[in-house]
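J.: Okay, so here is input-v8.txt, and as you'll see once you scroll down, it has compact mmCIF, C-alpha atoms.
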# COMPACT_ATOMS: atom_id res chain seq x y z
CA MET A 218 34.92 -13.04 -47.18
CA LYS A 219 35.21 -12.08 -43.50
CA ARG A 220 33.76 -8.94 -42.04
CA SER A 221 36.04 -6.30 -40.79
CA ARG A 222 36.14 -5.92 -36.99
CA THR A 223 36.58 -2.18 -37.14
CA THR A 224 32.90 -1.20 -37.31
CA GLY A 225 31.86 -2.50 -33.88
CA HIS A 226 33.72 0.10 -31.86
CA LEU A 227 32.53 3.09 -33.89
CA ALA A 228 28.96 2.96 -32.67
CA GLU A 229 28.17 4.96 -29.58
CA PRO A 230 27.90 2.80 -26.49
CA GLN A 231 24.44 2.26 -25.10
CA PRO A 232 23.92 3.71 -21.62
CA PRO A 233 23.56 1.03 -18.99
CA ARG A 234 19.99 0.27 -18.06
CA ALA A 235 19.22 1.01 -14.48
CA ALA A 236 17.09 -1.45 -12.57
CA PRO A 237 13.61 -0.07 -11.99
CA ALA A 238 13.25 1.40 -8.57
CA ALA A 239 10.93 -0.35 -6.12
CA GLU A 240 9.53 2.98 -4.94
CA PRO A 241 6.85 3.43 -7.66
CA GLU A 242 5.65 -0.13 -7.11
CA GLN A 243 5.45 0.46 -3.37
CA SER A 244 3.58 3.71 -3.75
CA ALA A 245 1.18 2.09 -6.23
CA ALA A 246 0.45 -0.68 -3.74
CA ILE A 247 -0.02 1.87 -0.96
CA GLU A 248 -2.35 3.95 -3.15
CA ALA A 249 -4.39 0.86 -4.00
CA ALA A 250 -4.64 -0.03 -0.31
CA VAL A 251 -5.73 3.50 0.62
CA THR A 252 -8.39 3.56 -2.09
CA ALA A 253 -9.83 0.21 -1.05
CA LEU A 254 -9.59 0.93 2.67
CA LEU A 255 -11.45 4.23 2.38
CA SER A 256 -14.49 2.35 1.09
CA LEU A 257 -14.14 -0.52 3.55
CA VAL A 258 -13.72 1.70 6.61
CA ALA A 259 -16.61 3.91 5.54
CA ALA A 260 -18.79 0.81 5.28
CA VAL A 261 -17.75 -0.42 8.74
CA GLU A 262 -18.47 3.02 10.18
CA THR A 263 -22.06 2.97 8.95
CA LEU A 264 -23.03 -0.68 9.47
CA PRO A 265 -24.19 -2.19 12.73
CA ALA A 266 -22.15 -5.12 14.04
CA GLY A 267 -22.92 -8.33 12.18
CA PRO A 268 -21.68 -10.76 9.55
CA ALA A 269 -21.13 -8.02 6.96
CA THR A 270 -19.00 -6.02 9.37
CA LYS A 271 -16.94 -9.13 10.12
CA ALA A 272 -16.34 -9.62 6.38
CA TYR A 273 -15.32 -5.98 5.97
CA ARG A 274 -12.87 -6.29 8.87
CA ALA A 275 -11.33 -9.37 7.25
CA ALA A 276 -10.90 -7.40 4.02
CA ILE A 277 -9.35 -4.52 5.99
CA ARG A 278 -6.90 -7.00 7.52
CA ARG A 279 -5.94 -8.33 4.07
CA LYS A 280 -5.34 -4.81 2.75
CA GLY A 281 -3.17 -4.13 5.80
CA GLU A 282 -1.14 -7.25 5.06
CA GLU A 283 -0.69 -6.09 1.47
CA ALA A 284 0.51 -2.68 2.68
CA VAL A 285 3.01 -4.35 5.02
CA ALA A 286 4.28 -6.52 2.16
CA ALA A 287 4.70 -3.45 -0.06
CA GLY A 288 6.15 -0.94 2.39
CA GLY A 289 6.70 -2.59 5.75
CA CYS A 290 5.57 -0.93 8.93
CA GLU A 291 6.23 2.50 7.44
CA GLY A 292 3.87 1.74 4.57
CA LEU A 293 1.15 0.58 6.93
CA GLU A 294 1.56 3.67 9.10
CA ALA A 295 1.35 5.86 5.98
CA VAL A 296 -1.91 4.14 5.03
CA LEU A 297 -3.24 4.66 8.56
CA ARG A 298 -2.39 8.38 8.45
CA ARG A 299 -4.01 8.84 5.03
CA ILE A 300 -7.20 7.06 6.07
CA CYS A 301 -7.47 9.14 9.24
CA ASP A 302 -6.59 12.39 7.45
CA ALA A 303 -9.30 11.78 4.84
CA ALA A 304 -11.97 12.48 7.47
CA PRO A 305 -10.52 14.38 10.45
CA ASP A 306 -13.87 14.41 12.24
CA ARG A 307 -13.91 10.57 12.22
CA ALA A 308 -10.17 10.02 12.64
CA ASP A 309 -10.39 8.47 16.12
CA ARG A 310 -13.05 5.98 15.08
CA ARG A 311 -11.17 5.07 11.92
CA LYS A 312 -7.97 4.57 13.88
CA ARG A 313 -9.79 2.21 16.27
CA ILE A 314 -11.30 0.23 13.39
CA LEU A 315 -7.92 -0.17 11.71
CA ALA A 316 -6.14 -0.97 14.98
CA GLU A 317 -8.63 -3.76 15.72
CA ALA A 318 -8.32 -5.21 12.23
CA TRP A 319 -4.54 -4.89 12.13
CA THR A 320 -3.79 -6.34 15.56
CA GLY A 321 -0.35 -7.91 15.36
CA LEU A 322 0.66 -6.25 12.07
CA ILE A 323 2.16 -3.17 13.73
CA ASP A 324 1.96 -1.39 17.03
CA VAL A 325 -0.93 1.02 16.52
CA ARG A 326 -1.59 3.35 19.44
CA PRO A 327 -5.22 4.47 19.91
Can you turn what I pasted into structure tokens?

T.:
Amino acid sequence: MKRSRTTGHLAEPQPPRAAPAAEPEQSAAIEAAVTALLSLVAAVETLPAGPATKAYRAAIRRKGEEAVAAGGCEGLEAVLRRICDAAPDRADRRKRILAEAWTGLIDVRP
């Protein structure tokens, strides 16, 4: 025996699923970059120049590249602002450290 075709249209239609917005993913990547960079920049601020500082600067560069991939230049500038705002008394030094590490990623003005 065949099924009746009348039952399919009686069920309520399912609402269309919206594609997940990229915004939460971007903000999560930016938050991760800020968290990591706070530690890295603090380490560079306290260490004398040497191999460890060079390694930290390379890590800072990688985090900058990740921020650019997640949010473009705006994302990188947001990270820069948050790092500098975290310690207003050291903002100029932090901005210099990030500008040196991020040379070529965006136009950072000292």

J.: State, in Å with one decimal place, the distance from CA of Ile314 (chain A) to CA of Pro265 (chain A).

T.: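 Between CA of Ile314 (chain A) and CA of Pro265 (chain A) the gap is 13.1 Å.
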
J.: What does the distance from CA of Lys271 (chain A) to CA of Ala245 (chain A) come to in Å, to one decimal?

T.: 26.9 Å

J.: So what do you get for CA of Trp319 (chain A) versus CA of Cys301 (chain A), distance-wise?

T.: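 Separation between CA of Trp319 (chain A) and CA of Cys301 (chain A): 14.6 Å.
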
J.: Using all atoms listed in the file, collect all residues at a distance of at most 12 Å from (2.6, 2.8, 2.8) as written in the file, then present them as a ChimeraX atom specification.

T.: /A:240-251,280-300

J.: Could you name the residues that touch Leu257 (chain A) at 7 Å or less, counting all atoms listed in the file, but leaving out those on the same chain fewer than 4 positions away, as a list in words?

T.: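 Residues near the query, excluding close chain neighbours: Ala253, Val261, Tyr273 and Ile277 of chain A.
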
J.: When you count all atoms listed in the file, which of these residues is closest to Glu262 (chain A): A:Asp302, A:Thr320, A:Arg311, A:Ala276?

T.: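 That would be A:Arg311, the residue with the smallest distance to Glu262 (chain A).
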
J.: Output as AutoDock Vina command-line options the centre and edge lengths (Å, one decimal) of the box along x, y and z of the file that holds every listed atom of region 314-322 of chain A after adding 6 Å on each side.

T.:
--center_x -5.3 --center_y -3.8 --center_z 13.7 --size_x 24.0 --size_y 20.1 --size_z 16.0
